[in-house]
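Structure data (mmCIF, C-alpha atoms) from input_6.cif:
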data_input
#
loop_
_atom_site.label_atom_id
_atom_site.label_comp_id
_atom_site.auth_asym_id
_atom_site.auth_seq_id
_atom_site.Cartn_x
_atom_site.Cartn_y
_atom_site.Cartn_z
CA MET A 369 176.51 -82.49 111.48
CA ASN A 370 174.76 -83.78 108.34
CA TYR A 371 175.85 -85.33 105.03
CA LYS A 372 176.46 -81.88 103.47
CA ILE A 373 179.84 -81.71 105.18
CA ILE A 374 180.86 -84.91 103.39
CA GLU A 375 179.46 -83.59 100.13
CA LEU A 376 181.50 -80.40 100.48
CA GLN A 377 184.68 -82.35 101.23
CA ILE A 378 184.08 -84.57 98.19
CA LEU A 379 183.64 -81.56 95.90
CA GLN A 380 186.78 -79.91 97.26
CA LEU A 381 188.78 -83.12 96.96
CA GLU A 382 187.59 -83.61 93.40
CA GLU A 383 189.16 -80.24 92.56
CA SER A 384 192.39 -81.20 94.28
CA PHE A 385 192.63 -84.56 92.53
CA SER A 386 192.01 -82.98 89.13
CA LYS A 387 194.99 -80.65 89.72
CA SER A 388 197.26 -83.43 91.02
CA ARG A 389 196.62 -85.97 88.28
CA SER A 390 199.65 -84.98 86.20
CA ASN A 391 202.12 -85.02 89.14
CA ILE A 392 205.32 -86.99 88.59
CA TYR A 393 206.64 -88.37 91.86
CA SER A 394 210.20 -89.14 92.82
CA ASP A 395 209.42 -92.78 93.66
CA LYS A 396 206.91 -95.59 93.15
CA LYS A 397 205.71 -95.56 96.76
CA LYS A 398 204.32 -92.04 96.35
CA GLU A 399 202.58 -93.00 93.14
CA THR A 400 200.98 -96.00 94.82
CA HIS A 401 199.91 -93.84 97.76
CA PHE A 402 198.27 -91.36 95.40
CA LYS A 403 196.34 -94.15 93.68
CA GLU A 404 195.22 -95.65 96.99
CA LEU A 405 193.96 -92.29 98.25
CA PHE A 406 192.13 -91.71 94.98
CA ASN A 407 190.46 -95.13 95.11
CA ILE A 408 189.17 -94.51 98.63
CA PHE A 409 187.95 -91.04 97.66
CA ASN A 410 186.23 -92.35 94.55
CA THR A 411 184.53 -95.17 96.44
CA ILE A 412 183.21 -92.82 99.13
CA LYS A 413 182.04 -90.38 96.44
CA ASN A 414 180.01 -93.12 94.79
CA CYS A 415 178.54 -94.62 97.95
CA ASN A 416 175.26 -93.65 99.52
CA TYR A 417 176.68 -91.06 101.92
CA PHE A 418 173.32 -89.20 102.05
CA SER A 419 172.06 -91.83 104.47
CA PHE A 420 175.12 -91.95 106.76
CA SER A 421 174.48 -91.96 110.51
CA GLU A 422 176.06 -89.17 112.57
CA THR A 423 178.88 -91.52 113.63
CA ASP A 424 179.50 -92.49 110.01
CA ILE A 425 179.61 -88.84 109.00
CA LYS A 426 182.21 -88.07 111.68
CA LEU A 427 184.23 -91.10 110.71
CA HIS A 428 184.18 -90.27 106.99
CA PHE A 429 185.00 -86.65 107.75
CA GLN A 430 188.24 -87.90 109.33
CA ILE A 431 188.98 -90.26 106.43
CA LEU A 432 188.44 -87.52 103.81
CA ASN A 433 190.48 -85.12 105.91
CA TYR A 434 193.29 -87.65 105.93
CA ILE A 435 193.12 -87.89 102.13
CA PHE A 436 193.13 -84.09 101.84
CA LYS A 437 196.25 -83.73 103.97
CA GLY A 438 198.02 -86.53 102.13
CA LEU A 439 197.26 -84.97 98.77
CA GLU A 440 198.54 -81.57 99.87
CA PHE A 441 201.92 -83.04 100.78
CA LEU A 442 202.13 -85.31 97.74
CA ASP A 443 201.61 -82.24 95.54
CA ASN A 444 204.66 -80.66 97.12
CA SER A 445 206.79 -83.79 96.79
CA THR A 446 207.07 -84.08 93.07
CA LEU A 447 210.38 -84.89 91.42
CA ASN A 448 211.69 -81.36 90.96
CA VAL A 449 210.50 -79.82 94.23
CA ILE A 450 211.57 -82.15 97.05
CA PRO A 451 214.72 -80.97 98.92
CA TYR A 452 216.37 -84.33 98.48
CA GLU A 453 219.54 -83.82 100.57
CA ILE A 454 217.96 -82.85 103.88
CA VAL A 455 215.17 -85.40 103.45
CA SER A 456 217.81 -88.12 103.00
CA CYS A 457 219.60 -87.09 106.21
CA LEU A 458 216.35 -87.06 108.19
CA GLN A 459 215.35 -90.43 106.80
CA ILE A 460 218.64 -91.93 108.02
CA ALA A 461 218.04 -90.46 111.49
CA LEU A 462 214.43 -91.66 111.48
CA GLU A 463 215.52 -95.24 110.83
CA ASP A 464 217.37 -95.25 114.17
CA TRP A 465 213.99 -94.92 115.88
CA ILE A 466 211.27 -96.46 113.78
CA LYS A 467 212.13 -99.73 112.16
CA SER A 468 209.52 -99.89 109.49
CA ASP A 469 209.62 -99.64 105.74
CA ASN A 470 206.04 -98.44 105.37
CA PHE A 471 206.87 -94.75 105.63
CA ILE A 472 207.03 -92.15 102.89
CA ILE A 473 208.67 -88.82 103.68
CA VAL A 474 206.90 -85.98 101.92
CA THR A 475 207.42 -82.24 102.09
CA SER A 476 205.38 -79.09 101.90
CA LEU A 477 207.11 -75.80 101.17
CA SER A 478 205.70 -72.95 103.21
CA ASN A 479 205.80 -69.26 102.37
CA ARG A 480 206.32 -68.36 106.02
CA ASN A 481 209.84 -67.75 107.30
CA LEU A 482 211.04 -70.28 109.91
CA ASP A 483 207.96 -72.43 109.39
CA PHE A 484 209.61 -75.79 110.07
CA SER A 485 207.55 -78.72 111.35
CA PHE A 486 206.81 -82.43 111.10
CA GLU A 487 203.32 -83.88 110.88
CA SER A 488 201.97 -87.36 110.81
CA GLU A 489 198.92 -89.24 111.90
CA ASN A 490 200.19 -91.63 114.54
CA VAL A 491 200.15 -95.38 114.09
CA GLU A 492 196.85 -95.72 115.97
CA ILE A 493 194.96 -93.37 113.61
CA PHE A 494 196.58 -95.00 110.59
CA ASN A 495 195.51 -98.47 111.76
CA ASN A 496 191.99 -97.28 112.58
CA ILE A 497 191.52 -95.66 109.16
CA ASN A 498 192.88 -98.76 107.46
CA ALA A 499 190.62 -101.07 109.47
CA GLU A 500 187.55 -99.06 108.42
CA VAL A 501 188.38 -98.65 104.71
CA SER A 502 189.31 -102.31 104.58
CA SER A 503 186.11 -103.62 106.19
CA ARG A 504 183.73 -101.16 104.48
CA TYR A 505 185.29 -100.82 101.03
CA ASP A 506 187.85 -103.62 100.75
CA LEU A 507 190.60 -101.00 100.17
CA LYS A 508 193.81 -100.20 102.01
CA ILE A 509 196.52 -97.61 102.55
CA THR A 510 199.92 -99.31 102.42
CA ASN A 511 202.21 -96.54 103.62
CA ARG A 512 202.16 -93.85 106.26
CA LEU A 513 203.17 -90.34 105.27
CA ILE A 514 205.65 -88.42 107.37
CA LYS A 515 205.10 -84.81 106.44
CA ILE A 516 207.85 -82.21 106.70
CA VAL A 517 206.99 -78.54 106.39
CA LEU A 518 209.84 -76.18 105.60
CA PRO A 519 210.02 -72.61 104.33
CA LYS A 520 210.34 -72.39 100.56
CA ALA A 521 212.97 -69.67 100.79
CA LEU A 522 215.11 -71.69 103.22
CA SER A 523 214.73 -75.18 101.76
CA ARG A 524 218.41 -75.14 100.75
CA ASP A 525 219.71 -73.04 103.67
CA TYR A 526 221.71 -75.61 105.60
CA LEU A 527 222.27 -73.29 108.55
CA SER A 528 218.60 -72.88 109.50
CA ILE A 529 217.57 -76.33 108.29
CA VAL A 530 219.09 -77.79 111.48
CA VAL A 531 215.70 -76.98 113.00
CA LEU A 532 214.34 -80.05 111.19
CA TYR A 533 216.36 -82.35 113.42
CA HIS A 534 214.62 -80.71 116.40
CA GLU A 535 211.27 -81.15 114.65
CA LEU A 536 212.07 -84.78 113.92
CA GLY A 537 212.56 -85.10 117.68
CA HIS A 538 209.02 -83.78 118.24
CA PHE A 539 207.71 -86.27 115.71
CA ILE A 540 209.42 -89.20 117.45
CA ASP A 541 208.17 -87.96 120.84
CA THR A 542 204.61 -87.84 119.51
CA GLU A 543 205.07 -91.29 118.01
CA ILE A 544 206.42 -92.96 121.16
CA HIS A 545 204.74 -90.63 123.70
CA ILE A 546 207.75 -90.08 125.98
CA SER A 547 206.90 -86.56 127.25
CA GLU A 548 203.26 -87.55 127.79
CA LYS A 549 204.26 -90.65 129.71
CA ILE A 550 206.54 -88.54 131.91
CA LEU A 551 203.54 -86.28 132.67
CA TYR A 552 201.29 -89.25 133.46
CA SER A 553 203.88 -90.99 135.62
CA LYS A 554 204.49 -87.82 137.62
CA TYR A 555 200.97 -86.39 137.98
CA GLY A 556 198.68 -89.33 137.23
CA PHE A 557 195.92 -89.79 134.67
CA LYS A 558 193.23 -87.14 134.53
CA PRO A 559 191.32 -85.17 131.89
CA ALA A 560 193.63 -82.59 130.30
CA HIS A 561 191.84 -79.59 131.86
CA LEU A 562 192.52 -80.86 135.39
CA TYR A 563 196.29 -80.53 135.12
CA THR A 564 197.56 -77.28 136.61
CA GLN A 565 199.13 -74.63 134.40
CA SER A 566 202.53 -75.33 135.90
CA GLN A 567 202.17 -79.09 135.26
CA LEU A 568 201.23 -78.41 131.63
CA GLN A 569 204.11 -75.98 131.30
CA GLU A 570 206.49 -78.59 132.68
CA PHE A 571 205.11 -81.09 130.14
CA ARG A 572 205.59 -78.70 127.22
CA HIS A 573 209.09 -77.85 128.38
CA PHE A 574 209.92 -81.57 128.48
CA MET A 575 208.73 -81.79 124.88
CA GLU A 576 211.18 -79.06 123.88
CA TYR A 577 214.05 -80.58 125.86
CA PHE A 578 213.30 -83.94 124.25
CA ALA A 579 213.48 -82.39 120.76
CA ASP A 580 216.64 -80.40 121.58
CA LEU A 581 218.42 -83.48 122.95
CA PHE A 582 217.20 -85.58 120.07
CA ALA A 583 218.78 -83.10 117.63
CA ALA A 584 222.01 -82.85 119.64
CA GLN A 585 222.55 -86.58 119.23
CA TYR A 586 222.99 -86.00 115.50
CA ILE A 587 224.14 -82.42 114.92
CA ASN A 588 225.96 -81.58 118.16
CA ASN A 589 225.03 -78.02 119.24
CA ALA A 590 224.15 -76.74 115.74
CA SER A 591 220.48 -76.32 116.69
CA SER A 592 221.51 -74.35 119.81
CA LEU A 593 223.71 -72.09 117.67
CA PHE A 594 220.75 -71.22 115.46
CA LEU A 595 218.52 -70.80 118.52
CA GLY A 596 221.07 -68.35 119.91
CA TYR A 597 220.69 -66.29 116.73
CA ILE A 598 216.89 -66.17 116.57
CA ALA A 599 215.88 -66.33 120.26
CA HIS A 600 218.96 -65.14 122.11
CA ASP A 601 217.27 -63.64 125.20
CA SER A 602 214.01 -65.61 125.27
CA LEU A 603 212.81 -66.35 128.78
CA ASP A 604 210.60 -69.22 130.00
CA SER A 605 207.17 -69.18 128.36
CA HIS A 606 204.14 -71.50 128.66
CA THR A 607 205.33 -73.44 125.65
CA HIS A 608 209.12 -73.16 125.63
CA PRO A 609 211.89 -73.11 128.23
CA SER A 610 214.27 -70.14 128.16
CA THR A 611 216.95 -70.24 125.49
CA LYS A 612 219.55 -70.30 128.28
CA SER A 613 218.00 -73.48 129.79
CA ARG A 614 217.74 -75.14 126.38
CA ILE A 615 221.35 -74.42 125.49
CA SER A 616 222.50 -75.51 128.95
CA ILE A 617 220.77 -78.93 128.83
CA VAL A 618 222.29 -79.61 125.39
CA GLU A 619 225.75 -78.66 126.68
CA ASP A 620 225.32 -80.99 129.67
CA PHE A 621 224.30 -83.81 127.36
CA LEU A 622 227.21 -83.24 124.96
CA ASN A 623 229.71 -82.95 127.82
CA ASN A 624 228.28 -86.00 129.57
CA THR A 625 227.55 -83.87 132.66
CA TYR A 626 224.74 -85.17 134.91
CA ASN A 627 221.46 -83.33 134.31
CA ILE A 628 218.26 -84.47 135.99
CA LYS A 629 216.08 -83.69 132.95
CA VAL A 630 218.32 -85.69 130.64
CA ASP A 631 218.16 -88.48 133.19
CA VAL A 632 214.34 -88.40 133.38
CA ILE A 633 214.03 -88.52 129.57
CA ASN A 634 216.60 -91.29 129.20
CA SER A 635 214.95 -93.35 131.95
CA ALA A 636 211.58 -92.94 130.22
CA LEU A 637 213.11 -94.00 126.90
CA LYS A 638 214.67 -97.09 128.48
CA SER A 639 211.47 -98.03 130.32
CA SER A 640 209.58 -97.72 127.04
CA GLY A 641 211.96 -100.10 125.29
CA TYR A 642 214.06 -97.54 123.40
CA GLU A 643 217.74 -96.70 123.50
CA PRO A 644 218.54 -93.68 125.65
CA PHE A 645 219.85 -90.57 123.93
CA LYS A 646 223.49 -90.89 122.99
CA ILE A 647 225.99 -89.22 120.67
CA ARG A 648 225.17 -90.35 117.15
CA HIS A 649 227.58 -88.09 115.28
CA LYS A 650 231.31 -88.12 114.60
CA LYS A 651 233.22 -84.86 114.79
CA ILE A 652 235.05 -83.57 111.75
CA ASP A 653 238.03 -81.37 112.58
CA ILE A 654 237.42 -77.97 110.99
CA LYS A 655 241.16 -77.52 110.39
CA LYS A 656 241.37 -80.77 108.42
CA SER A 657 238.02 -80.38 106.63
CA ASP A 658 237.91 -80.65 102.83
CA PHE A 659 235.96 -77.37 102.86
CA GLN A 660 239.33 -75.64 103.45
CA ASN A 661 240.16 -76.54 99.85
CA LEU A 662 236.73 -75.39 98.62
CA ILE A 663 235.66 -78.96 97.88
CA PRO A 664 232.82 -81.02 99.43
CA GLN A 665 233.64 -82.96 102.59
CA GLN A 666 234.32 -86.61 101.89
CA ILE A 667 231.85 -88.22 104.29
CA LYS A 668 232.56 -91.82 105.28
CA THR A 669 229.78 -92.67 107.72
CA LYS A 670 226.25 -91.64 108.63
CA GLU A 671 227.67 -90.23 111.88
CA GLU A 672 229.82 -87.85 109.83
CA LEU A 673 226.87 -87.12 107.56
CA HIS A 674 224.83 -85.68 110.44
CA TYR A 675 227.83 -83.69 111.68
CA ILE A 676 228.09 -81.86 108.34
CA PHE A 677 225.47 -79.38 109.59
CA LYS A 678 227.61 -78.54 112.60
CA LEU A 679 230.63 -78.20 110.32
CA GLY A 680 228.66 -75.72 108.20
CA TRP A 681 227.88 -73.72 111.34
CA ASP A 682 231.51 -73.80 112.50
CA PHE A 683 232.65 -72.37 109.15
CA TRP A 684 229.91 -69.74 109.26
CA ASP A 685 230.74 -68.67 112.82
CA THR A 686 234.46 -68.38 112.09
CA SER A 687 234.15 -66.99 108.56
CA GLU A 688 235.99 -63.79 109.54
CA ILE A 689 239.15 -65.76 110.24
CA ASN A 690 238.90 -68.97 108.16
CA PHE A 691 239.47 -69.50 104.42
CA LEU A 692 236.30 -67.53 103.69
CA LYS A 693 237.65 -64.30 105.21
CA ASN A 694 238.22 -62.59 101.84
CA PHE A 695 234.75 -63.46 100.46
CA ASP A 696 231.84 -61.09 100.87
CA ALA A 697 228.94 -62.13 103.12
CA ARG A 698 226.77 -63.40 100.25
CA GLN A 699 229.62 -65.50 98.87
CA LYS A 700 230.38 -66.96 102.30
CA TYR A 701 226.74 -67.95 102.73
CA ASN A 702 226.53 -69.48 99.24
CA VAL A 703 229.84 -71.33 99.51
CA ILE A 704 228.90 -72.94 102.83
CA ASN A 705 225.45 -73.97 101.63
CA ASN A 706 226.80 -75.35 98.36
CA LEU A 707 229.57 -77.30 100.07
CA VAL A 708 227.21 -78.79 102.65
CA GLU A 709 224.68 -79.75 99.98
CA LYS A 710 227.29 -81.34 97.69
CA SER A 711 228.86 -83.23 100.59
CA ILE A 712 225.49 -84.77 101.48
CA SER A 713 224.60 -85.46 97.88
CA ASN A 714 227.93 -87.22 97.17
CA TYR A 715 227.52 -89.43 100.24
CA ILE A 716 223.93 -90.40 99.42
CA ILE A 717 224.72 -91.18 95.77
CA LYS A 718 227.74 -93.26 96.79
CA GLN A 719 225.64 -95.20 99.31
CA LYS A 720 223.02 -95.93 96.64
CA TRP A 721 225.71 -97.12 94.22
CA GLN A 722 227.10 -99.44 96.86
CA GLN A 723 223.64 -100.78 97.70
CA THR A 724 222.92 -101.57 94.05
CA GLY A 725 226.41 -103.08 93.60
CA ILE A 726 227.51 -100.65 90.89
CA MET B 93 200.97 -80.99 123.25
CA TYR B 94 197.72 -80.07 124.96
CA LEU B 95 195.96 -78.79 121.83
CA ALA B 96 197.24 -81.67 119.72
CA GLN B 97 195.81 -83.99 122.38
CA LEU B 98 192.38 -82.42 121.87
CA SER B 99 192.60 -82.72 118.13
CA THR B 100 193.76 -86.32 118.48
CA PHE B 101 190.61 -86.94 120.54
CA GLN B 102 188.41 -85.58 117.76
CA SER B 103 190.13 -87.59 115.06
CA GLN B 104 190.38 -90.88 116.97
CA VAL B 105 187.04 -91.04 118.74
CA PRO B 106 184.73 -91.68 115.73
CA PHE B 107 186.59 -94.91 114.94
CA TYR B 108 186.24 -96.28 118.47
CA ILE B 109 182.62 -95.13 118.76
CA THR B 110 181.84 -97.06 115.57
CA ILE B 111 183.36 -100.27 116.95
CA LEU B 112 181.72 -99.86 120.37
CA GLU B 113 178.29 -99.15 118.86
CA ASN B 114 178.67 -102.33 116.81
CA ILE B 115 179.64 -104.37 119.88
CA VAL B 116 176.63 -103.08 121.83
CA LYS B 117 174.41 -104.09 118.89
CA GLY B 118 175.95 -107.57 118.89
CA ASN B 119 178.35 -107.13 115.97
CA ASN B 120 181.82 -108.06 117.24
CA LYS B 121 183.87 -106.61 114.39
CA GLY B 122 186.88 -104.87 115.98
CA LYS B 123 186.02 -106.19 119.46
CA SER B 124 189.42 -107.85 119.92
CA VAL B 125 191.19 -104.47 119.54
CA ILE B 126 188.91 -102.83 122.09
CA ASP B 127 189.26 -105.74 124.53
CA LEU B 128 193.06 -105.62 124.33
CA ALA B 129 193.05 -101.91 125.09
CA ILE B 130 190.57 -102.28 127.98
CA CYS B 131 192.63 -105.10 129.54
CA GLU B 132 195.83 -103.10 129.24
CA ALA B 133 194.13 -100.05 130.79
CA ILE B 134 192.83 -102.21 133.66
CA ASP B 135 196.37 -103.51 134.29
CA VAL B 136 197.78 -99.95 134.43
CA ALA B 137 194.88 -98.77 136.66
CA LYS B 138 195.52 -101.65 139.08
CA GLY B 139 199.26 -100.94 139.06
CA SER B 140 200.20 -104.31 137.62
CA LYS B 141 201.50 -102.71 134.41
CA ASN B 142 203.83 -99.78 133.94
CA ILE B 143 202.64 -96.72 131.95
CA PHE B 144 205.88 -96.80 129.94
CA THR B 145 205.08 -100.21 128.50
CA ILE B 146 201.68 -99.28 127.03
CA ASP B 147 201.22 -100.50 123.47
CA ASN B 148 201.54 -97.58 121.01
CA ASN B 149 198.93 -99.18 118.75
CA HIS B 150 196.17 -98.46 121.27
CA TYR B 151 197.82 -95.65 123.22
CA PHE B 152 195.06 -93.07 122.76
CA LEU B 153 192.27 -95.41 123.82
CA ILE B 154 194.18 -96.73 126.82
CA THR B 155 195.16 -93.29 128.13
CA THR B 156 191.66 -91.92 127.50
CA LEU B 157 190.16 -94.77 129.55
CA LEU B 158 192.71 -94.18 132.32
CA SER B 159 192.04 -90.44 132.35
CA LYS B 160 188.24 -90.50 132.12
CA TYR B 161 187.10 -93.93 133.27
CA ASN B 162 189.63 -94.96 135.91
CA GLU B 163 187.10 -96.04 138.58
CA GLY B 164 185.04 -97.92 136.02
CA LEU B 165 188.12 -99.84 134.89
CA LEU B 166 188.73 -101.12 138.42
CA LYS B 167 185.26 -102.71 138.45
CA ILE B 168 185.63 -104.58 135.14
CA ASP B 169 186.51 -108.26 135.12
CA SER B 170 189.02 -108.40 132.27
CA LYS B 171 188.15 -112.05 131.61
CA ASN B 172 184.47 -111.27 131.30
CA ILE B 173 183.87 -107.81 129.85
CA LYS B 174 180.12 -107.23 129.85
CA SER B 175 177.86 -105.38 127.43
CA GLU B 176 177.20 -102.65 130.03
CA ASN B 177 180.96 -102.03 130.28
CA TYR B 178 181.10 -101.29 126.55
CA SER B 179 178.05 -99.02 126.89
CA GLU B 180 179.70 -97.08 129.71
CA ILE B 181 182.89 -96.66 127.68
CA LEU B 182 180.80 -95.49 124.74
CA ASP B 183 179.27 -92.81 126.99
CA VAL B 184 182.75 -91.72 128.08
CA LEU B 185 183.85 -91.27 124.48
CA LYS B 186 180.70 -89.49 123.26
#
Written as structure tokens, how would this file's structure read?
Amino acid sequence: MNYKIIELQILQLEESFSKSRSNIYSDKKKETHFKELFNIFNTIKNCNYFSFSETDIKLHFQILNYIFKGLEFLDNSTLNVIPYEIVSCLQIALEDWIKSDNFIIVTSLSNRNLDFSFESENVEIFNNINAEVSSRYDLKITNRLIKIVLPKALSRDYLSIVVLYHELGHFIDTEIHISEKILYSKYGFKPAHLYTQSQLQEFRHFMEYFADLFAAQYINNASSLFLGYIAHDSLDSHTHPSTKSRISIVEDFLNNTYNIKVDVINSALKSSGYEPFKIRHKKIDIKKSDFQNLIPQQIKTKEELHYIFKLGWDFWDTSEINFLKNFDARQKYNVINNLVEKSISNYIIKQKWQQTGI
Amino acid sequence: MYLAQLSTFQSQVPFYITILENIVKGNNKGKSVIDLAICEAIDVAKGSKNIFTIDNNHYFLITTLLSKYNEGLLKIDSKNIKSENYSEILDVLK
């Protein structure tokens, strides 16, 4: 590894920055983040990187990589692109778990169908990068980015978007290391390659159960309903438990039926200083829903806000017999998505008015 | 995830190698962070601290030490971490 790798990254980043300069962001924090990344980039570009040691090259490779990733997501989070409604819901859920105001949620719209994910450098990497740029260049990065990837075509499809609650669960798990700690506590500490395939499979399955249960706290079984559509008969694999097992653990959790896996995860959460999984949604009766009158649901609490996704699914699943029965399939789909989106939007705007005292 | 763990290793390690190389050369910048992580790892290795209470701020370093340097940890005096201990940890990370 020599300085040419840094030189290449700098040239590539220069191109990216020149394209991003005219971006208009939806809030000040993103603007500040952009400027901070640019300042670090510019300082590294103008330093004597030709004489970096191998360790310095590796370290700067990671810093420039971090800037690259951040820029990619900032580019996709400009004012007119960000799917504001779902991001607002996820932010509210996130605040239940990470009490910190130094996050910025950013999005990247993917061209691949069902490409939903969360990404973020964990707090340790963020602190390490900040320590280095601070001591070497007297610069800093104020906020951490939480990066959400979602398919461009489905960014306003509130039936499939429930997957993001599951993905938020993965993000939280990676942040607080619950599935990993379960692995370590059960099989001890050893280099990754010394765990058996079945131990690693068990670990990965715990990760999926964690994310499924995390989502169920907020959106009831809406994620399971979508899973039933796209992976109805899937059996156990190295990475994922069978769909049947995943749906079953969620049902046990929602029905408050004892399940050893739920118990293991909740014990690990408690031992790590977090609240165990619990119901964090409030049911809205489909028969009394405002949707019946073709108007957005009047949402009163954040618990009802999260449930709106389940309500959307309930209307979709019963659309042959509910008020939508005389609409064609396209109209049913559009009406549900529009009603869910407007319901969220009304709630968020009202909350902001109340916060600003208007 | 197993692969993510590997990529985490690649992205985290250069920062810790930098600090450890400095410590070995007599520059103590960042030493307090490393010492905290080593002491916490020693406590977990000796069984006096629970894995679930590990500090998330140094999680990678602590679990890497526990996974790859467990026997070494048991020999370190946490009140008097010596230069050779840092050198050994540096070798583990490289």
Give me the residues near stretch 129-141 of chain B as a ChimeraX atom specification, where near means some atom within 10 Å (using only C-alpha atoms) and where sequence neighbours in that chain fewer than 2 positions away do not count. /A:557 /B:123-127,143-147,149-159,161-171,173,177-178,181
Hey, can you spit out that residue selection with C-alpha atoms as a PDB file, in the coordinates of the input?
ATOM      1  CA  PHE A 557     195.920 -89.790 134.670  1.00  0.00           C
TER       2      PHE A 557
ATOM      3  CA  LYS B 123     186.020-106.190 119.460  1.00  0.00           C
ATOM      4  CA  SER B 124     189.420-107.850 119.920  1.00  0.00           C
ATOM      5  CA  VAL B 125     191.190-104.470 119.540  1.00  0.00           C
ATOM      6  CA  ILE B 126     188.910-102.830 122.090  1.00  0.00           C
ATOM      7  CA  ASP B 127     189.260-105.740 124.530  1.00  0.00           C
ATOM      8  CA  ILE B 143     202.640 -96.720 131.950  1.00  0.00           C
ATOM      9  CA  PHE B 144     205.880 -96.800 129.940  1.00  0.00           C
ATOM     10  CA  THR B 145     205.080-100.210 128.500  1.00  0.00           C
ATOM     11  CA  ILE B 146     201.680 -99.280 127.030  1.00  0.00           C
ATOM     12  CA  ASP B 147     201.220-100.500 123.470  1.00  0.00           C
ATOM     13  CA  ASN B 149     198.930 -99.180 118.750  1.00  0.00           C
ATOM     14  CA  HIS B 150     196.170 -98.460 121.270  1.00  0.00           C
ATOM     15  CA  TYR B 151     197.820 -95.650 123.220  1.00  0.00           C
ATOM     16  CA  PHE B 152     195.060 -93.070 122.760  1.00  0.00           C
ATOM     17  CA  LEU B 153     192.270 -95.410 123.820  1.00  0.00           C
ATOM     18  CA  ILE B 154     194.180 -96.730 126.820  1.00  0.00           C
ATOM     19  CA  THR B 155     195.160 -93.290 128.130  1.00  0.00           C
ATOM     20  CA  THR B 156     191.660 -91.920 127.500  1.00  0.00           C
ATOM     21  CA  LEU B 157     190.160 -94.770 129.550  1.00  0.00           C
ATOM     22  CA  LEU B 158     192.710 -94.180 132.320  1.00  0.00           C
ATOM     23  CA  SER B 159     192.040 -90.440 132.350  1.00  0.00           C
ATOM     24  CA  TYR B 161     187.100 -93.930 133.270  1.00  0.00           C
ATOM     25  CA  ASN B 162     189.630 -94.960 135.910  1.00  0.00           C
ATOM     26  CA  GLU B 163     187.100 -96.040 138.580  1.00  0.00           C
ATOM     27  CA  GLY B 164     185.040 -97.920 136.020  1.00  0.00           C
ATOM     28  CA  LEU B 165     188.120 -99.840 134.890  1.00  0.00           C
ATOM     29  CA  LEU B 166     188.730-101.120 138.420  1.00  0.00           C
ATOM     30  CA  LYS B 167     185.260-102.710 138.450  1.00  0.00           C
ATOM     31  CA  ILE B 168     185.630-104.580 135.140  1.00  0.00           C
ATOM     32  CA  ASP B 169     186.510-108.260 135.120  1.00  0.00           C
ATOM     33  CA  SER B 170     189.020-108.400 132.270  1.00  0.00           C
ATOM     34  CA  LYS B 171     188.150-112.050 131.610  1.00  0.00           C
ATOM     35  CA  ILE B 173     183.870-107.810 129.850  1.00  0.00           C
ATOM     36  CA  ASN B 177     180.960-102.030 130.280  1.00  0.00           C
ATOM     37  CA  TYR B 178     181.100-101.290 126.550  1.00  0.00           C
ATOM     38  CA  ILE B 181     182.890 -96.660 127.680  1.00  0.00           C
TER      39      ILE B 181
END
One number please: atom CA of A:Ile425 to atom CA of B:Lys117, in Å, one decimal.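 One can read the atom CA of A:Ile425 to atom CA of B:Lys117 distance as 18.9 Å.
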Quick one: which chain A residues come within 7 Å of chain B, and what is the nearest atom pair for each with the distance in Å to one decimal, counting all atoms listed in the file, rows ordered by chain and ascending number, as CSV?
residue,atom,partner,partner_atom,distance
A:Thr423,CA,B:Pro106,CA,6.2
A:Lys426,CA,B:Pro106,CA,6.0
A:Leu427,CA,B:Pro106,CA,5.1
A:Gln430,CA,B:Ser103,CA,6.0
A:Val491,CA,B:Asn149,CA,6.1
A:Glu492,CA,B:Asn149,CA,4.9
A:Ile493,CA,B:Gln104,CA,6.2
A:Asn496,CA,B:Phe107,CA,6.4
A:Ile544,CA,B:Asn148,CA,6.7
A:Lys549,CA,B:Phe144,CA,6.4
A:Ser553,CA,B:Ile143,CA,6.9
A:Phe557,CA,B:Ser159,CA,4.6
A:Lys558,CA,B:Ser159,CA,4.1
A:Pro559,CA,B:Ser159,CA,5.3
A:Arg572,CA,B:Met93,CA,6.5
A:Ala636,CA,B:Phe144,CA,6.9
A:Ser639,CA,B:Phe144,CA,5.7
A:Ser640,CA,B:Phe144,CA,4.8
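Between atom CA of A:Tyr555 and atom CA of A:Phe571 lies a distance of 10.3 Å.
With only C-alpha atoms as the basis for measurement, A:Ser592 is the residue among A:Ser592, A:Ser528, A:Asn694, A:Ser476 that approaches A:Ser610 most closely.
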